[in-house]
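Peer 1: Below is a structure I'd like to ask you about.
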Amino acid sequence: MTHGTERLPFFVYGTLRPGEVNYGPTLRGRTAAEEPARIGGALLYDGPGYPYATAGPADAVVHGALIRPRDTDYDEVCTLLDRLEGYTPGDRRNHYERVATEAVCPDGRTVRAWVYLAAGPLAARLRATGTPLAGGDWPASRAAAG
C-alpha cells in the first residue's frame, strides 16, 4: 500500500457504502460508477458507530464498494472524504491514513483505489484489544447481530 495524490477511485467499507449514513451527504450525485469490491490484507474492526480497517494478514478480506467520483466532482469528493475521515496528508495526528491498495471486483478485475485505514496508535490498539469482524463485512455483521 502506498500514499500519494493520484486520482484513484475510493474503496469504502463502512458508513460511506451506498445506503449507509455518510453516503448521501458525501457521495450521492457525485459518482460516475459504484460496484461491490473487496480488498485483501486488511482486517475490519467494529468501532463505536462505524468500522475501522487496518492492515492485516494476506488472507484477511474486507468487503465494501468501489466508488468512482465524477471527474468534475473528484476534488470536492476527495476533500469531503479526507475531512470526514480526519485525514490531512503528513499529519501525525491523523485518525485514518489514506493509502492506495488493490480492490478486487466481482468479475475478478483488480483496480487500484484509495482506502482509509486506521492510523498508527489506533491501529495498534485495535490489533491489541479489538476483535476483527467475522467475514470482514460491516453491514452484514450488523444485520447478523440483529
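Following the order of the C-alpha cells, first chain is A, next is B, and so on, with residues numbered from 1 inside each chain and ligands from 1 in the order they appear.
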Mind dumping a table of every segment 6-117 of chain A residue within 10 Å of segment 133-141 of chain A, with the nearest atom pair and its distance in Å to one decimal, using only C-alpha atoms, sorted by chain and rising number, as JSON lines?

Peer 2:
```
{"residue": "A:Tyr13", "atom": "CA", "partner": "A:Trp138", "partner_atom": "CA", "distance": 7.0}
{"residue": "A:Gly14", "atom": "CA", "partner": "A:Trp138", "partner_atom": "CA", "distance": 6.2}
{"residue": "A:Thr15", "atom": "CA", "partner": "A:Trp138", "partner_atom": "CA", "distance": 9.0}
{"residue": "A:Arg17", "atom": "CA", "partner": "A:Pro139", "partner_atom": "CA", "distance": 9.1}
{"residue": "A:Gly19", "atom": "CA", "partner": "A:Pro139", "partner_atom": "CA", "distance": 9.9}
{"residue": "A:Glu20", "atom": "CA", "partner": "A:Pro139", "partner_atom": "CA", "distance": 8.7}
{"residue": "A:Arg38", "atom": "CA", "partner": "A:Gly136", "partner_atom": "CA", "distance": 9.1}
{"residue": "A:Ile39", "atom": "CA", "partner": "A:Gly136", "partner_atom": "CA", "distance": 9.7}
{"residue": "A:Gly40", "atom": "CA", "partner": "A:Gly136", "partner_atom": "CA", "distance": 10.0}
{"residue": "A:Ala42", "atom": "CA", "partner": "A:Gly136", "partner_atom": "CA", "distance": 8.6}
{"residue": "A:Leu43", "atom": "CA", "partner": "A:Gly136", "partner_atom": "CA", "distance": 6.6}
{"residue": "A:Leu44", "atom": "CA", "partner": "A:Gly136", "partner_atom": "CA", "distance": 5.4}
{"residue": "A:Tyr45", "atom": "CA", "partner": "A:Leu133", "partner_atom": "CA", "distance": 5.5}
{"residue": "A:Asp46", "atom": "CA", "partner": "A:Leu133", "partner_atom": "CA", "distance": 6.6}
{"residue": "A:Tyr50", "atom": "CA", "partner": "A:Trp138", "partner_atom": "CA", "distance": 8.4}
{"residue": "A:Pro51", "atom": "CA", "partner": "A:Trp138", "partner_atom": "CA", "distance": 6.8}
{"residue": "A:Tyr52", "atom": "CA", "partner": "A:Trp138", "partner_atom": "CA", "distance": 9.5}
{"residue": "A:Ala53", "atom": "CA", "partner": "A:Gly136", "partner_atom": "CA", "distance": 9.0}
{"residue": "A:Ala60", "atom": "CA", "partner": "A:Gly136", "partner_atom": "CA", "distance": 7.8}
{"residue": "A:Val61", "atom": "CA", "partner": "A:Gly136", "partner_atom": "CA", "distance": 5.8}
{"residue": "A:Val62", "atom": "CA", "partner": "A:Gly136", "partner_atom": "CA", "distance": 4.4}
{"residue": "A:His63", "atom": "CA", "partner": "A:Asp137", "partner_atom": "CA", "distance": 5.1}
{"residue": "A:Gly64", "atom": "CA", "partner": "A:Asp137", "partner_atom": "CA", "distance": 7.0}
```

Peer 1: Kindly export the residues of the current selection with N, CA and C atoms, as a CSV table (one decimal), in the first residue's frame.

Peer 2:
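Result file result.csv:
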```
chain,number,residue,atom,x,y,z
A,13,TYR,N,-15.9,0.9,3.1
A,13,TYR,CA,-16.3,-0.3,3.7
A,13,TYR,C,-17.3,-0.1,4.9
A,14,GLY,N,-17.6,1.1,5.2
A,14,GLY,CA,-18.4,1.4,6.4
A,14,GLY,C,-19.6,2.4,6.1
A,15,THR,N,-19.6,3.5,6.8
A,15,THR,CA,-20.7,4.5,6.6
A,15,THR,C,-20.7,5.2,5.3
A,17,ARG,N,-20.6,3.4,2.4
A,17,ARG,CA,-21.1,2.5,1.4
A,17,ARG,C,-22.5,3.0,1.0
A,19,GLY,N,-26.2,3.4,0.7
A,19,GLY,CA,-27.3,3.0,1.7
A,19,GLY,C,-26.9,3.3,3.1
A,20,GLU,N,-25.7,3.6,3.4
A,20,GLU,CA,-25.2,3.9,4.8
A,20,GLU,C,-25.3,5.4,5.1
A,38,ARG,N,-13.8,-5.9,-2.9
A,38,ARG,CA,-13.1,-6.3,-1.6
A,38,ARG,C,-11.6,-6.0,-1.7
A,39,ILE,N,-11.0,-5.9,-0.6
A,39,ILE,CA,-9.6,-5.7,-0.5
A,39,ILE,C,-9.0,-6.9,0.3
A,40,GLY,N,-7.8,-7.3,0.0
A,40,GLY,CA,-7.1,-8.3,0.8
A,40,GLY,C,-6.1,-7.7,1.7
A,42,ALA,N,-6.3,-7.0,4.8
A,42,ALA,CA,-6.8,-6.0,5.8
A,42,ALA,C,-7.8,-6.6,6.7
A,43,LEU,N,-7.9,-6.2,7.9
A,43,LEU,CA,-8.9,-6.6,8.9
A,43,LEU,C,-9.9,-5.5,9.2
A,44,LEU,N,-11.1,-5.9,9.5
A,44,LEU,CA,-12.1,-4.9,9.9
A,44,LEU,C,-12.6,-5.0,11.3
A,45,TYR,N,-12.6,-3.9,12.0
A,45,TYR,CA,-13.0,-3.9,13.4
A,45,TYR,C,-14.2,-3.0,13.6
A,46,ASP,N,-15.1,-3.4,14.5
A,46,ASP,CA,-16.3,-2.5,14.8
A,46,ASP,C,-15.9,-1.5,15.8
A,50,TYR,N,-19.1,3.1,13.8
A,50,TYR,CA,-18.5,2.9,12.5
A,50,TYR,C,-17.3,1.9,12.6
A,51,PRO,N,-17.0,1.3,11.5
A,51,PRO,CA,-15.9,0.4,11.5
A,51,PRO,C,-14.5,1.0,11.2
A,52,TYR,N,-13.5,0.3,11.5
A,52,TYR,CA,-12.1,0.7,11.2
A,52,TYR,C,-11.4,-0.5,10.5
A,53,ALA,N,-10.7,-0.2,9.4
A,53,ALA,CA,-9.9,-1.3,8.8
A,53,ALA,C,-8.5,-1.0,9.1
A,60,ALA,N,-6.6,-12.1,5.0
A,60,ALA,CA,-7.8,-11.4,5.5
A,60,ALA,C,-8.4,-10.5,4.4
A,61,VAL,N,-9.8,-10.4,4.5
A,61,VAL,CA,-10.5,-9.7,3.4
A,61,VAL,C,-11.5,-8.7,4.1
A,62,VAL,N,-11.6,-7.5,3.5
A,62,VAL,CA,-12.6,-6.6,3.8
A,62,VAL,C,-13.5,-6.3,2.6
A,63,HIS,N,-14.8,-6.4,2.8
A,63,HIS,CA,-15.8,-6.2,1.8
A,63,HIS,C,-16.3,-4.8,1.8
A,64,GLY,N,-16.6,-4.2,0.6
A,64,GLY,CA,-17.1,-2.9,0.6
A,64,GLY,C,-17.6,-2.5,-0.8
```

Peer 1: Please identify which residues in chain A DSSP calls strand (DSSP E) from the backbone, and express them as a VMD selection string.

Peer 2: chain A and resid 10 to 12 31 to 40 42 to 46 51 to 55 61 to 69 96 to 104 110 to 118

Peer 1: Can you tell me which residues surround Phe11 of chain A at a distance of at most 8 Å, considering only C-alpha atoms, apart from same-chain residues fewer than 2 positions away, and format the answer as a PDB file with C-alpha atoms, in the first residue's frame?

Peer 2:
```pdb
ATOM      1  CA  PRO A   9     -11.409   5.606  -7.089  1.00  0.00           C
ATOM      2  CA  TYR A  13     -16.322  -0.294   3.719  1.00  0.00           C
ATOM      3  CA  ALA A  37     -15.476  -4.932  -4.236  1.00  0.00           C
ATOM      4  CA  GLY A  64     -17.139  -2.877   0.564  1.00  0.00           C
ATOM      5  CA  ALA A  65     -17.762  -0.819  -2.550  1.00  0.00           C
ATOM      6  CA  LEU A  66     -15.548   0.743  -5.182  1.00  0.00           C
ATOM      7  CA  ILE A  67     -16.683   4.319  -5.768  1.00  0.00           C
ATOM      8  CA  ALA A 103      -9.566  -3.653  -4.859  1.00  0.00           C
ATOM      9  CA  ALA A 113      -8.018   2.526  -5.205  1.00  0.00           C
ATOM     10  CA  TRP A 114      -7.752   4.713  -2.137  1.00  0.00           C
ATOM     11  CA  VAL A 115      -8.809   3.255   1.200  1.00  0.00           C
TER      12      VAL A 115
END
```

Peer 1: So, with only C-alpha atoms as the atoms that count, which of A:Val21, A:Cys105, A:Ala32, A:Glu76 lies closest to Gly49 of chain A?

Peer 2: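 Using only C-alpha atoms, the shortest distance to Gly49 of chain A belongs to A:Val21.
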
Peer 1: Using only C-alpha atoms, which of A:Asp59, A:Pro36, A:Glu97, A:Pro25 sits nearest Arg109 of chain A?

Peer 2: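 Going through A:Asp59, A:Pro36, A:Glu97, A:Pro25 one by one, the smallest distance to Arg109 of chain A is for A:Pro36.
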
Peer 1: Under the rule that only C-alpha atoms are counted, which of A:Leu27, A:Cys78, A:Leu8, A:Ala58 is the nearest residue to Val111 of chain A?

Peer 2: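 Between A:Leu27, A:Cys78, A:Leu8, A:Ala58, the residue approaching Val111 of chain A most closely is A:Leu8.
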
Peer 1: Mind pulling up the distance from atom CA of Thr5 of chain A to atom CA of Ala100 of chain A?

Peer 2: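 Spanning atom CA of Ala100 of chain A to atom CA of Thr5 of chain A is a straight-line distance of 9.5 Å.
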
Peer 1: What is the distance between atom CA of Thr88 of chain A and atom CA of Glu35 of chain A, in Å to one decimal?

Peer 2: 26.8 Å

Peer 1: Considering only C-alpha atoms, return as a PDB file with N, CA, C and O atoms, in the first residue's frame whatever protein or nucleic-acid residues lie within 12 Å of Val99 of chain A, sequence-local ones (same chain, fewer than 3 positions apart) excluded.

Peer 2:
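Result saved to result-v8.pdb:
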```pdb
ATOM      1  N   MET A   1       0.846  -1.172   0.000  1.00  0.00           N
ATOM      2  CA  MET A   1       0.000   0.000   0.000  1.00  0.00           C
ATOM      3  C   MET A   1       0.891   1.235   0.000  1.00  0.00           C
ATOM      4  O   MET A   1       1.924   1.258   0.646  1.00  0.00           O
ATOM      5  N   THR A   2       0.478   2.244  -0.730  1.00  0.00           N
ATOM      6  CA  THR A   2       1.293   3.444  -0.859  1.00  0.00           C
ATOM      7  C   THR A   2       0.457   4.686  -0.580  1.00  0.00           C
ATOM      8  O   THR A   2      -0.765   4.648  -0.594  1.00  0.00           O
ATOM      9  N   HIS A   3       1.154   5.801  -0.374  1.00  0.00           N
ATOM     10  CA  HIS A   3       0.498   7.094  -0.150  1.00  0.00           C
ATOM     11  C   HIS A   3       0.660   7.932  -1.409  1.00  0.00           C
ATOM     12  O   HIS A   3       1.546   7.696  -2.202  1.00  0.00           O
ATOM     13  N   GLY A   4      -0.151   8.965  -1.595  1.00  0.00           N
ATOM     14  CA  GLY A   4       0.024   9.830  -2.742  1.00  0.00           C
ATOM     15  C   GLY A   4      -1.190  10.653  -3.066  1.00  0.00           C
ATOM     16  O   GLY A   4      -2.145  10.701  -2.315  1.00  0.00           O
ATOM     17  N   THR A   5      -1.131  11.297  -4.240  1.00  0.00           N
ATOM     18  CA  THR A   5      -2.200  12.197  -4.651  1.00  0.00           C
ATOM     19  C   THR A   5      -2.820  11.796  -5.985  1.00  0.00           C
ATOM     20  O   THR A   5      -3.438  12.608  -6.644  1.00  0.00           O
ATOM     21  N   GLU A   6      -2.662  10.545  -6.405  1.00  0.00           N
ATOM     22  CA  GLU A   6      -3.271  10.078  -7.650  1.00  0.00           C
ATOM     23  C   GLU A   6      -4.787  10.214  -7.574  1.00  0.00           C
ATOM     24  O   GLU A   6      -5.375  10.137  -6.511  1.00  0.00           O
ATOM     25  N   LEU A   8      -7.469   8.310  -7.897  1.00  0.00           N
ATOM     26  CA  LEU A   8      -7.942   6.934  -7.892  1.00  0.00           C
ATOM     27  C   LEU A   8      -9.384   6.877  -7.401  1.00  0.00           C
ATOM     28  O   LEU A   8      -9.832   7.765  -6.664  1.00  0.00           O
ATOM     29  N   PRO A   9     -10.113   5.814  -7.742  1.00  0.00           N
ATOM     30  CA  PRO A   9     -11.409   5.606  -7.089  1.00  0.00           C
ATOM     31  C   PRO A   9     -11.181   5.327  -5.608  1.00  0.00           C
ATOM     32  O   PRO A   9     -10.044   5.153  -5.171  1.00  0.00           O
ATOM     33  N   PHE A  10     -12.257   5.267  -4.848  1.00  0.00           N
ATOM     34  CA  PHE A  10     -12.187   5.024  -3.410  1.00  0.00           C
ATOM     35  C   PHE A  10     -12.844   3.689  -3.084  1.00  0.00           C
ATOM     36  O   PHE A  10     -13.934   3.390  -3.575  1.00  0.00           O
ATOM     37  N   PHE A  11     -12.185   2.909  -2.230  1.00  0.00           N
ATOM     38  CA  PHE A  11     -12.791   1.703  -1.680  1.00  0.00           C
ATOM     39  C   PHE A  11     -13.356   2.094  -0.321  1.00  0.00           C
ATOM     40  O   PHE A  11     -12.628   2.554   0.561  1.00  0.00           O
ATOM     41  N   ALA A  53     -10.744  -0.236   9.396  1.00  0.00           N
ATOM     42  CA  ALA A  53      -9.937  -1.263   8.751  1.00  0.00           C
ATOM     43  C   ALA A  53      -8.478  -1.001   9.097  1.00  0.00           C
ATOM     44  O   ALA A  53      -8.056   0.154   9.249  1.00  0.00           O
ATOM     45  N   THR A  54      -7.716  -2.074   9.242  1.00  0.00           N
ATOM     46  CA  THR A  54      -6.276  -1.983   9.481  1.00  0.00           C
ATOM     47  C   THR A  54      -5.584  -2.948   8.525  1.00  0.00           C
ATOM     48  O   THR A  54      -6.207  -3.868   7.997  1.00  0.00           O
ATOM     49  N   ALA A  55      -4.301  -2.748   8.334  1.00  0.00           N
ATOM     50  CA  ALA A  55      -3.529  -3.740   7.598  1.00  0.00           C
ATOM     51  C   ALA A  55      -3.612  -5.041   8.377  1.00  0.00           C
ATOM     52  O   ALA A  55      -3.668  -5.044   9.612  1.00  0.00           O
ATOM     53  N   ASP A  82     -11.601  13.185   2.992  1.00  0.00           N
ATOM     54  CA  ASP A  82     -10.466  13.439   3.891  1.00  0.00           C
ATOM     55  C   ASP A  82     -10.940  14.098   5.182  1.00  0.00           C
ATOM     56  O   ASP A  82     -10.513  13.729   6.278  1.00  0.00           O
ATOM     57  N   TYR A  87      -8.366  13.033   8.002  1.00  0.00           N
ATOM     58  CA  TYR A  87      -7.073  12.810   7.348  1.00  0.00           C
ATOM     59  C   TYR A  87      -6.525  14.092   6.737  1.00  0.00           C
ATOM     60  O   TYR A  87      -7.210  14.768   5.964  1.00  0.00           O
ATOM     61  N   PRO A  89      -2.809  15.001   4.812  1.00  0.00           N
ATOM     62  CA  PRO A  89      -1.535  14.404   4.394  1.00  0.00           C
ATOM     63  C   PRO A  89      -0.373  14.843   5.287  1.00  0.00           C
ATOM     64  O   PRO A  89      -0.201  16.032   5.561  1.00  0.00           O
ATOM     65  N   GLY A  90       0.379  13.865   5.780  1.00  0.00           N
ATOM     66  CA  GLY A  90       1.574  14.136   6.574  1.00  0.00           C
ATOM     67  C   GLY A  90       1.347  14.460   8.040  1.00  0.00           C
ATOM     68  O   GLY A  90       2.307  14.633   8.784  1.00  0.00           O
ATOM     69  N   TYR A  96      -7.278   8.423  10.514  1.00  0.00           N
ATOM     70  CA  TYR A  96      -7.125   7.449   9.440  1.00  0.00           C
ATOM     71  C   TYR A  96      -5.988   7.919   8.532  1.00  0.00           C
ATOM     72  O   TYR A  96      -5.670   9.102   8.491  1.00  0.00           O
ATOM     73  N   GLU A 102      -5.158  -2.443  -3.763  1.00  0.00           N
ATOM     74  CA  GLU A 102      -5.801  -3.104  -4.906  1.00  0.00           C
ATOM     75  C   GLU A 102      -7.159  -3.626  -4.463  1.00  0.00           C
ATOM     76  O   GLU A 102      -7.244  -4.448  -3.551  1.00  0.00           O
ATOM     77  N   ARG A 112      -6.734  -0.291  -8.732  1.00  0.00           N
ATOM     78  CA  ARG A 112      -6.003   0.479  -7.730  1.00  0.00           C
ATOM     79  C   ARG A 112      -6.948   1.549  -7.172  1.00  0.00           C
ATOM     80  O   ARG A 112      -7.602   2.262  -7.938  1.00  0.00           O
ATOM     81  N   ALA A 113      -7.042   1.636  -5.834  1.00  0.00           N
ATOM     82  CA  ALA A 113      -8.018   2.526  -5.205  1.00  0.00           C
ATOM     83  C   ALA A 113      -7.485   3.049  -3.869  1.00  0.00           C
ATOM     84  O   ALA A 113      -6.635   2.430  -3.242  1.00  0.00           O
ATOM     85  N   TRP A 114      -8.028   4.178  -3.468  1.00  0.00           N
ATOM     86  CA  TRP A 114      -7.752   4.713  -2.137  1.00  0.00           C
ATOM     87  C   TRP A 114      -8.609   3.985  -1.118  1.00  0.00           C
ATOM     88  O   TRP A 114      -9.770   3.670  -1.387  1.00  0.00           O
ATOM     89  N   VAL A 115      -8.046   3.766   0.064  1.00  0.00           N
ATOM     90  CA  VAL A 115      -8.809   3.255   1.200  1.00  0.00           C
ATOM     91  C   VAL A 115      -8.317   3.994   2.439  1.00  0.00           C
ATOM     92  O   VAL A 115      -7.141   4.359   2.521  1.00  0.00           O
ATOM     93  N   TYR A 116      -9.206   4.233   3.372  1.00  0.00           N
ATOM     94  CA  TYR A 116      -8.833   4.858   4.647  1.00  0.00           C
ATOM     95  C   TYR A 116      -8.644   3.752   5.677  1.00  0.00           C
ATOM     96  O   TYR A 116      -9.592   3.034   5.999  1.00  0.00           O
ATOM     97  N   LEU A 117      -7.413   3.619   6.167  1.00  0.00           N
ATOM     98  CA  LEU A 117      -7.082   2.637   7.204  1.00  0.00           C
ATOM     99  C   LEU A 117      -6.804   3.357   8.510  1.00  0.00           C
ATOM    100  O   LEU A 117      -6.274   4.477   8.502  1.00  0.00           O
ATOM    101  N   ALA A 118      -7.130   2.733   9.622  1.00  0.00           N
ATOM    102  CA  ALA A 118      -6.850   3.313  10.940  1.00  0.00           C
ATOM    103  C   ALA A 118      -5.362   3.653  11.026  1.00  0.00           C
ATOM    104  O   ALA A 118      -4.508   2.864  10.637  1.00  0.00           O
ATOM    105  N   ALA A 119      -5.068   4.843  11.524  1.00  0.00           N
ATOM    106  CA  ALA A 119      -3.682   5.316  11.632  1.00  0.00           C
ATOM    107  C   ALA A 119      -2.987   4.697  12.852  1.00  0.00           C
ATOM    108  O   ALA A 119      -3.632   4.213  13.774  1.00  0.00           O
TER     109      ALA A 119
END
```
